[in-house]
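A.B. asks: Structure file my_file-v5.pdb (PDB, C-alpha atoms) is given on the next line.
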```
ATOM      1  CA  TYR A   1      66.655 -66.023  26.034
ATOM      2  CA  SER A   2      66.626 -62.393  27.082
ATOM      3  CA  SER A   3      66.127 -60.797  23.665
ATOM      4  CA  ALA A   4      65.502 -61.620  20.006
ATOM      5  CA  THR A   5      65.835 -58.733  17.594
ATOM      6  CA  PHE A   6      65.749 -58.219  13.864
ATOM      7  CA  ALA A   7      68.499 -56.041  12.380
ATOM      8  CA  ASN A   8      65.787 -53.458  11.577
ATOM      9  CA  LYS A   9      61.997 -53.163  11.599
ATOM     10  CA  ASN A  10      61.440 -53.155   7.824
ATOM     11  CA  VAL A  11      59.780 -55.803   5.666
ATOM     12  CA  GLY A  12      62.135 -58.380   4.173
ATOM     13  CA  ASN A  13      62.860 -62.077   3.740
ATOM     14  CA  SER A  14      65.547 -64.138   5.482
ATOM     15  CA  LYS A  15      66.416 -61.320   7.829
ATOM     16  CA  THR A  16      68.929 -62.069  10.564
ATOM     17  CA  VAL A  17      67.521 -62.308  14.080
ATOM     18  CA  THR A  18      69.993 -61.884  16.931
ATOM     19  CA  VAL A  19      69.062 -64.040  19.917
ATOM     20  CA  ALA A  20      70.975 -63.079  23.061
ATOM     21  CA  GLY A  21      71.149 -64.094  26.707
ATOM     22  CA  ILE A  22      70.391 -67.775  26.152
ATOM     23  CA  THR A  23      70.292 -69.689  29.452
ATOM     24  CA  LEU A  24      69.102 -73.065  30.737
ATOM     25  CA  SER A  25      66.545 -73.810  33.430
ATOM     26  CA  GLY A  26      64.933 -76.873  34.914
ATOM     27  CA  SER A  27      65.847 -79.458  37.560
ATOM     28  CA  LEU A  28      68.555 -81.052  35.395
ATOM     29  CA  ALA A  29      69.951 -77.860  33.869
ATOM     30  CA  SER A  30      73.111 -78.100  35.942
ATOM     31  CA  ASN A  31      74.032 -81.317  34.116
ATOM     32  CA  TYR A  32      74.472 -79.407  30.881
ATOM     33  CA  VAL A  33      76.539 -76.586  29.514
ATOM     34  CA  LEU A  34      75.565 -74.402  26.555
ATOM     35  CA  ASN A  35      77.819 -74.203  23.528
ATOM     36  CA  THR A  36      76.719 -70.576  23.000
ATOM     37  CA  SER A  37      74.754 -67.809  24.668
ATOM     38  CA  SER A  38      73.602 -66.263  21.392
ATOM     39  CA  LEU A  39      72.286 -67.406  18.010
ATOM     40  CA  SER A  40      71.541 -65.777  14.645
ATOM     41  CA  PRO A  41      68.671 -67.503  12.853
ATOM     42  CA  THR A  42      66.702 -65.862  10.038
ATOM     43  CA  ALA A  43      63.024 -65.022   9.653
ATOM     44  CA  ASN A  44      60.752 -62.901   7.503
ATOM     45  CA  ILE A  45      58.933 -59.660   8.280
ATOM     46  CA  THR A  46      55.826 -59.499   6.107
ATOM     47  CA  PRO A  47      53.852 -56.311   5.241
ATOM     48  CA  LEU A  48      51.114 -55.150   7.590
ATOM     49  CA  SER A  49      47.670 -54.845   6.010
ATOM     50  CA  LEU A  50      46.830 -51.153   5.814
ATOM     51  CA  LEU A  51      43.176 -50.270   6.320
ATOM     52  CA  VAL A  52      42.197 -47.016   4.643
ATOM     53  CA  THR A  53      39.040 -45.153   5.615
ATOM     54  CA  ALA A  54      37.597 -42.110   3.876
ATOM     55  CA  ALA A  55      35.491 -39.181   5.056
ATOM     56  CA  ALA A  56      33.774 -37.149   2.322
ATOM     57  CA  GLN A  57      32.659 -33.540   2.567
ATOM     58  CA  ASP A  58      29.107 -32.483   1.768
ATOM     59  CA  LYS A  59      28.979 -30.075  -1.154
ATOM     60  CA  VAL A  60      26.616 -27.696  -2.883
ATOM     61  CA  TYR A  61      25.386 -28.931  -6.267
ATOM     62  CA  ASP A  62      27.814 -27.945  -9.043
ATOM     63  CA  ALA A  63      26.648 -30.196 -11.940
ATOM     64  CA  THR A  64      29.580 -32.601 -11.427
ATOM     65  CA  ASN A  65      30.038 -35.752  -9.374
ATOM     66  CA  ALA A  66      33.466 -34.698  -8.068
ATOM     67  CA  ALA A  67      33.941 -35.218  -4.330
ATOM     68  CA  THR A  68      36.472 -34.053  -1.767
ATOM     69  CA  VAL A  69      37.637 -36.609   0.786
ATOM     70  CA  THR A  70      40.068 -37.016   3.661
ATOM     71  CA  LEU A  71      41.817 -40.367   4.126
ATOM     72  CA  SER A  72      43.040 -41.979   7.333
ATOM     73  CA  THR A  73      44.836 -45.276   8.035
ATOM     74  CA  ASN A  74      45.823 -47.668  10.800
ATOM     75  CA  ALA A  75      49.550 -47.131  10.161
ATOM     76  CA  LEU A  76      51.663 -47.604  13.264
ATOM     77  CA  SER A  77      52.494 -44.509  15.261
ATOM     78  CA  GLY A  78      55.633 -42.804  13.977
ATOM     79  CA  ASP A  79      55.561 -44.435  10.531
ATOM     80  CA  VAL A  80      55.432 -42.058   7.593
ATOM     81  CA  VAL A  81      52.822 -43.548   5.265
ATOM     82  CA  ASN A  82      50.906 -41.319   2.888
ATOM     83  CA  VAL A  83      47.806 -42.431   0.999
ATOM     84  CA  ALA A  84      46.747 -40.698  -2.205
ATOM     85  CA  TYR A  85      43.908 -41.348  -4.642
ATOM     86  CA  THR A  86      43.261 -40.716  -8.318
ATOM     87  CA  SER A  87      39.527 -39.975  -8.101
ATOM     88  CA  ALA A  88      36.748 -39.364  -5.601
ATOM     89  CA  THR A  89      33.254 -39.334  -7.084
ATOM     90  CA  PHE A  90      29.649 -39.237  -5.960
ATOM     91  CA  ALA A  91      27.368 -41.905  -7.400
ATOM     92  CA  GLY A  92      25.675 -39.125  -9.364
ATOM     93  CA  ALA A  93      25.834 -35.385  -9.867
ATOM     94  CA  ASP A  94      22.285 -34.629  -8.701
ATOM     95  CA  VAL A  95      20.857 -33.873  -5.285
ATOM     96  CA  VAL A  96      19.184 -36.994  -3.843
ATOM     97  CA  PHE A  97      15.977 -36.602  -1.864
ATOM     98  CA  SER A  98      13.860 -38.840   0.319
ATOM     99  CA  GLY A  99      10.613 -36.944   0.298
ATOM    100  CA  SER A 100      11.732 -33.373   0.941
ATOM    101  CA  THR A 101      14.899 -34.366   2.835
ATOM    102  CA  VAL A 102      18.332 -34.386   1.215
ATOM    103  CA  ILE A 103      20.032 -37.731   1.882
ATOM    104  CA  PRO A 104      23.649 -38.901   1.505
ATOM    105  CA  GLN A 105      24.831 -40.840  -1.503
ATOM    106  CA  THR A 106      27.805 -43.140  -2.024
ATOM    107  CA  VAL A 107      31.225 -41.628  -2.683
ATOM    108  CA  THR A 108      33.826 -43.923  -4.256
ATOM    109  CA  VAL A 109      37.506 -43.194  -3.709
ATOM    110  CA  ALA A 110      39.569 -45.019  -6.346
ATOM    111  CA  GLY A 111      43.199 -45.462  -7.333
ATOM    112  CA  LEU A 112      44.595 -45.677  -3.813
ATOM    113  CA  ASN A 113      48.381 -45.668  -3.654
ATOM    114  CA  LEU A 114      50.995 -45.478  -0.910
ATOM    115  CA  SER A 115      54.073 -43.322  -0.488
ATOM    116  CA  GLY A 116      56.353 -42.278   2.345
ATOM    117  CA  ALA A 117      59.420 -43.615   4.076
ATOM    118  CA  ALA A 118      57.588 -46.543   5.703
ATOM    119  CA  SER A 119      55.171 -47.337   2.865
ATOM    120  CA  GLY A 120      57.125 -50.472   1.875
ATOM    121  CA  ASN A 121      56.146 -52.044   5.171
ATOM    122  CA  TYR A 122      52.439 -51.947   4.328
ATOM    123  CA  VAL A 123      50.113 -53.468   1.771
ATOM    124  CA  LEU A 124      46.583 -52.480   0.783
ATOM    125  CA  LYS A 125      44.715 -55.571   1.944
ATOM    126  CA  ASN A 126      41.573 -56.154   3.965
ATOM    127  CA  SER A 127      41.105 -59.638   5.453
ATOM    128  CA  GLY A 128      43.777 -60.858   3.040
ATOM    129  CA  VAL A 129      42.096 -59.389  -0.050
ATOM    130  CA  ALA A 130      43.875 -56.652  -1.999
ATOM    131  CA  TYR A 131      41.925 -53.478  -2.685
ATOM    132  CA  SER A 132      42.501 -50.145  -4.408
ATOM    133  CA  SER A 133      39.283 -48.282  -3.592
ATOM    134  CA  VAL A 134      37.072 -47.490  -0.609
ATOM    135  CA  THR A 135      33.606 -45.992  -0.235
ATOM    136  CA  THR A 136      31.970 -43.500   2.074
ATOM    137  CA  SER A 137      28.973 -41.178   1.774
ATOM    138  CA  ALA A 138      28.103 -37.488   1.756
ATOM    139  CA  LYS A 139      25.345 -35.136   0.654
ATOM    140  CA  ILE A 140      24.985 -32.919  -2.394
ATOM    141  CA  THR A 141      22.767 -30.024  -1.333
ATOM    142  CA  PRO A 142      20.770 -27.779  -3.713
ATOM    143  CA  ALA A 143      22.541 -24.778  -5.235
ATOM    144  CA  PRO A 144      20.934 -21.347  -4.759
ATOM    145  CA  LEU A 145      19.399 -19.620  -7.770
ATOM    146  CA  SER A 146      18.544 -15.973  -8.287
ATOM    147  CA  ILE A 147      15.580 -14.952 -10.416
ATOM    148  CA  SER A 148      14.845 -11.461 -11.681
ATOM    149  CA  ALA A 149      12.058  -9.904 -13.733
ATOM    150  CA  VAL A 150      11.921  -7.116 -16.313
ATOM    151  CA  GLY A 151       8.487  -5.635 -16.875
ATOM    152  CA  VAL A 152       7.003  -5.445 -20.374
ATOM    153  CA  ASP A 153       5.419  -2.117 -21.359
ATOM    154  CA  LYS A 154       1.773  -2.228 -22.443
ATOM    155  CA  VAL A 155      -0.879   0.054 -23.854
ATOM    156  CA  TYR A 156      -3.491   1.197 -21.341
ATOM    157  CA  ASP A 157      -6.349  -1.316 -21.163
ATOM    158  CA  GLY A 158      -8.047  -0.405 -17.887
ATOM    159  CA  THR A 159      -6.618  -3.414 -15.984
ATOM    160  CA  THR A 160      -3.579  -3.990 -13.780
ATOM    161  CA  SER A 161      -2.581  -7.200 -15.493
ATOM    162  CA  GLY A 162       0.925  -7.178 -16.915
ATOM    163  CA  SER A 163       3.707  -9.398 -18.134
ATOM    164  CA  VAL A 164       7.408  -9.746 -17.447
ATOM    165  CA  ASN A 165      10.485 -11.467 -18.791
ATOM    166  CA  LEU A 166      12.210 -13.645 -16.210
ATOM    167  CA  SER A 167      15.922 -14.457 -16.063
ATOM    168  CA  VAL A 168      17.657 -17.012 -13.846
ATOM    169  CA  THR A 169      21.267 -16.725 -12.653
ATOM    170  CA  GLY A 170      23.429 -19.177 -10.709
ATOM    171  CA  LEU A 171      22.976 -22.158 -13.020
ATOM    172  CA  LYS A 172      25.757 -24.773 -13.002
ATOM    173  CA  GLY A 173      27.425 -26.336 -16.001
ATOM    174  CA  SER A 174      25.122 -26.638 -18.991
ATOM    175  CA  ASP A 175      21.938 -26.900 -16.913
ATOM    176  CA  GLN A 176      18.791 -25.428 -18.448
ATOM    177  CA  VAL A 177      16.346 -24.059 -15.886
ATOM    178  CA  SER A 178      13.654 -21.494 -16.642
ATOM    179  CA  GLY A 179      11.331 -19.550 -14.351
ATOM    180  CA  THR A 180       7.575 -19.252 -14.754
ATOM    181  CA  TYR A 181       5.003 -17.125 -12.988
ATOM    182  CA  THR A 182       1.268 -17.161 -12.437
ATOM    183  CA  SER A 183       0.608 -13.421 -12.478
ATOM    184  CA  ALA A 184       2.234 -10.031 -12.970
ATOM    185  CA  THR A 185       0.211  -7.131 -11.588
ATOM    186  CA  PHE A 186       0.798  -3.375 -11.971
ATOM    187  CA  ALA A 187       0.431  -1.282  -8.819
ATOM    188  CA  ASP A 188      -2.386   0.594 -10.634
ATOM    189  CA  ALA A 189      -4.105   0.543 -14.000
ATOM    190  CA  ASN A 190      -3.318   4.124 -15.029
ATOM    191  CA  VAL A 191      -0.787   5.359 -17.564
ATOM    192  CA  GLY A 192       2.626   6.006 -16.041
ATOM    193  CA  SER A 193       6.330   5.315 -16.143
ATOM    194  CA  ALA A 194       8.275   2.790 -14.096
ATOM    195  CA  ILE A 195       5.157   1.469 -12.429
ATOM    196  CA  PRO A 196       5.984  -1.373  -9.976
ATOM    197  CA  LEU A 197       4.725  -4.845 -10.778
ATOM    198  CA  VAL A 198       4.203  -7.678  -8.333
ATOM    199  CA  VAL A 199       5.124 -11.035  -9.871
ATOM    200  CA  THR A 200       3.838 -14.193  -8.229
TER     201      THR A 200
END
```
In structure tokens, what does this structure look like?

C.D. replies:
Amino acid sequence: YSSATFANKNVGNSKTVTVAGITLSGSLASNYVLNTSSLSPTANITPLSLLVTAAAQDKVYDATNAATVTLSTNALSGDVVNVAYTSATFAGADVVFSGSTVIPQTVTVAGLNLSGAASGNYVLKNSGVAYSSVTTSAKITPAPLSISAVGVDKVYDGTTSGSVNLSVTGLKGSDQVSGTYTSATFADANVGSAIPLVVT
């Protein structure tokens, strides 16, 4: 035959296939005559397994495990198939270190679902097994903090030792982080106003 075509490309059962240009060949073909040059059998078009992959973005620590991801698929060129998800989460909310190096952690993308004009021609399966989530990885990097000091007035005592009150800004969520110091030293030991202190 010269062609065999489904009525359309979409998934379905018992779809008509038009077979055209049927001819005979072989050494004895001339002894026979065809009763038709075309046929219309039926066959099924089954969904193509759609493989979804995710790429997660690194983020600065924000006290949550929320992640941002981009999804891609192996959908055939020209098919409109959109993939959405209900959640994308890091394994934990904290920065993960190996020694002093920040390392990636697992990001799980769950609640995958399909939409789009051609979505009915695809199914979320991998090696025949249905799935609704995929994993990837990304880093949570430390968030910057700012620390400031307010000097505490004192009565002259002949030394440069002083004290300060520290405050930390830039904390995320309900995190509790306090600053400490080893020394606070006046620029000189004499009585004065607004004397600089060095806090270490």

A.B. asks: Determine, counting only C-alpha atoms, every residue of protein, DNA or RNA that lies within 9 Å of (33.1, -31.0, -4.4) in the file coordinates, then give the result as number ranges by chain.

C.D. replies: A: 57-62, 64-69, 89, 140

A.B. asks: For the residues in that selection, give me C-alpha atoms as a JSON list (two decimals), in the coordinates of the input.

C.D. replies:
```
[["chain", "number", "residue", "atom", "x", "y", "z"],
["A", 57, "GLN", "CA", 32.66, -33.54, 2.57],
["A", 58, "ASP", "CA", 29.11, -32.48, 1.77],
["A", 59, "LYS", "CA", 28.98, -30.08, -1.15],
["A", 60, "VAL", "CA", 26.62, -27.70, -2.88],
["A", 61, "TYR", "CA", 25.39, -28.93, -6.27],
["A", 62, "ASP", "CA", 27.81, -27.94, -9.04],
["A", 64, "THR", "CA", 29.58, -32.60, -11.43],
["A", 65, "ASN", "CA", 30.04, -35.75, -9.37],
["A", 66, "ALA", "CA", 33.47, -34.70, -8.07],
["A", 67, "ALA", "CA", 33.94, -35.22, -4.33],
["A", 68, "THR", "CA", 36.47, -34.05, -1.77],
["A", 69, "VAL", "CA", 37.64, -36.61, 0.79],
["A", 89, "THR", "CA", 33.25, -39.33, -7.08],
["A", 140, "ILE", "CA", 24.98, -32.92, -2.39]]
```

A.B. asks: Calculate, to one decimal in Å, the centre and edge lengths of the box along x, y and z of the file that holds all listed atoms of stretch 78-87 of chain A with 8 Å of margin on each side, and present them as JSON.

C.D. replies:
```
{"center_x": 47.6, "center_y": -42.2, "center_z": 2.8, "size_x": 32.1, "size_y": 20.5, "size_z": 38.3}
```

A.B. asks: So what does the PyMOL selection byres ((chain A and resi 158) around 9) actually pick up in this one, as a ChimeraX atom specification?

C.D. replies: /A:156-157,159-160,189-190

A.B. asks: Applying 6 Å and all atoms listed in the file, which residues near stretch 113-125 of chain A remain after dropping the ones on its own chain fewer than 5 positions away? List them as an NGL selection string.

C.D. replies: :A and (11 or 47-50 or 79-84 or 130-131)

A.B. asks: Given the file above and the PyMOL selection byres ((chain A and resi 173) around 12), which residues are selected, and can you give them as a PDB file with C-alpha atoms, in the coordinates of the input?

C.D. replies:
```
ATOM      1  CA  TYR A  61      25.386 -28.931  -6.267  1.00  0.00           C
ATOM      2  CA  ASP A  62      27.814 -27.945  -9.043  1.00  0.00           C
ATOM      3  CA  ALA A  63      26.648 -30.196 -11.940  1.00  0.00           C
ATOM      4  CA  THR A  64      29.580 -32.601 -11.427  1.00  0.00           C
ATOM      5  CA  ASN A  65      30.038 -35.752  -9.374  1.00  0.00           C
ATOM      6  CA  ALA A  93      25.834 -35.385  -9.867  1.00  0.00           C
ATOM      7  CA  ALA A 143      22.541 -24.778  -5.235  1.00  0.00           C
ATOM      8  CA  THR A 169      21.267 -16.725 -12.653  1.00  0.00           C
ATOM      9  CA  GLY A 170      23.429 -19.177 -10.709  1.00  0.00           C
ATOM     10  CA  LEU A 171      22.976 -22.158 -13.020  1.00  0.00           C
ATOM     11  CA  LYS A 172      25.757 -24.773 -13.002  1.00  0.00           C
ATOM     12  CA  SER A 174      25.122 -26.638 -18.991  1.00  0.00           C
ATOM     13  CA  ASP A 175      21.938 -26.900 -16.913  1.00  0.00           C
ATOM     14  CA  GLN A 176      18.791 -25.428 -18.448  1.00  0.00           C
ATOM     15  CA  VAL A 177      16.346 -24.059 -15.886  1.00  0.00           C
TER      16      VAL A 177
END
```

A.B. asks: Pick from A:Asn31, A:Thr101, A:Thr106, A:Asn126: nearest to A:Pro142, with all atoms listed in the file counted?

C.D. replies: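 Of the candidates, the smallest distance to A:Pro142 is held by A:Thr101.
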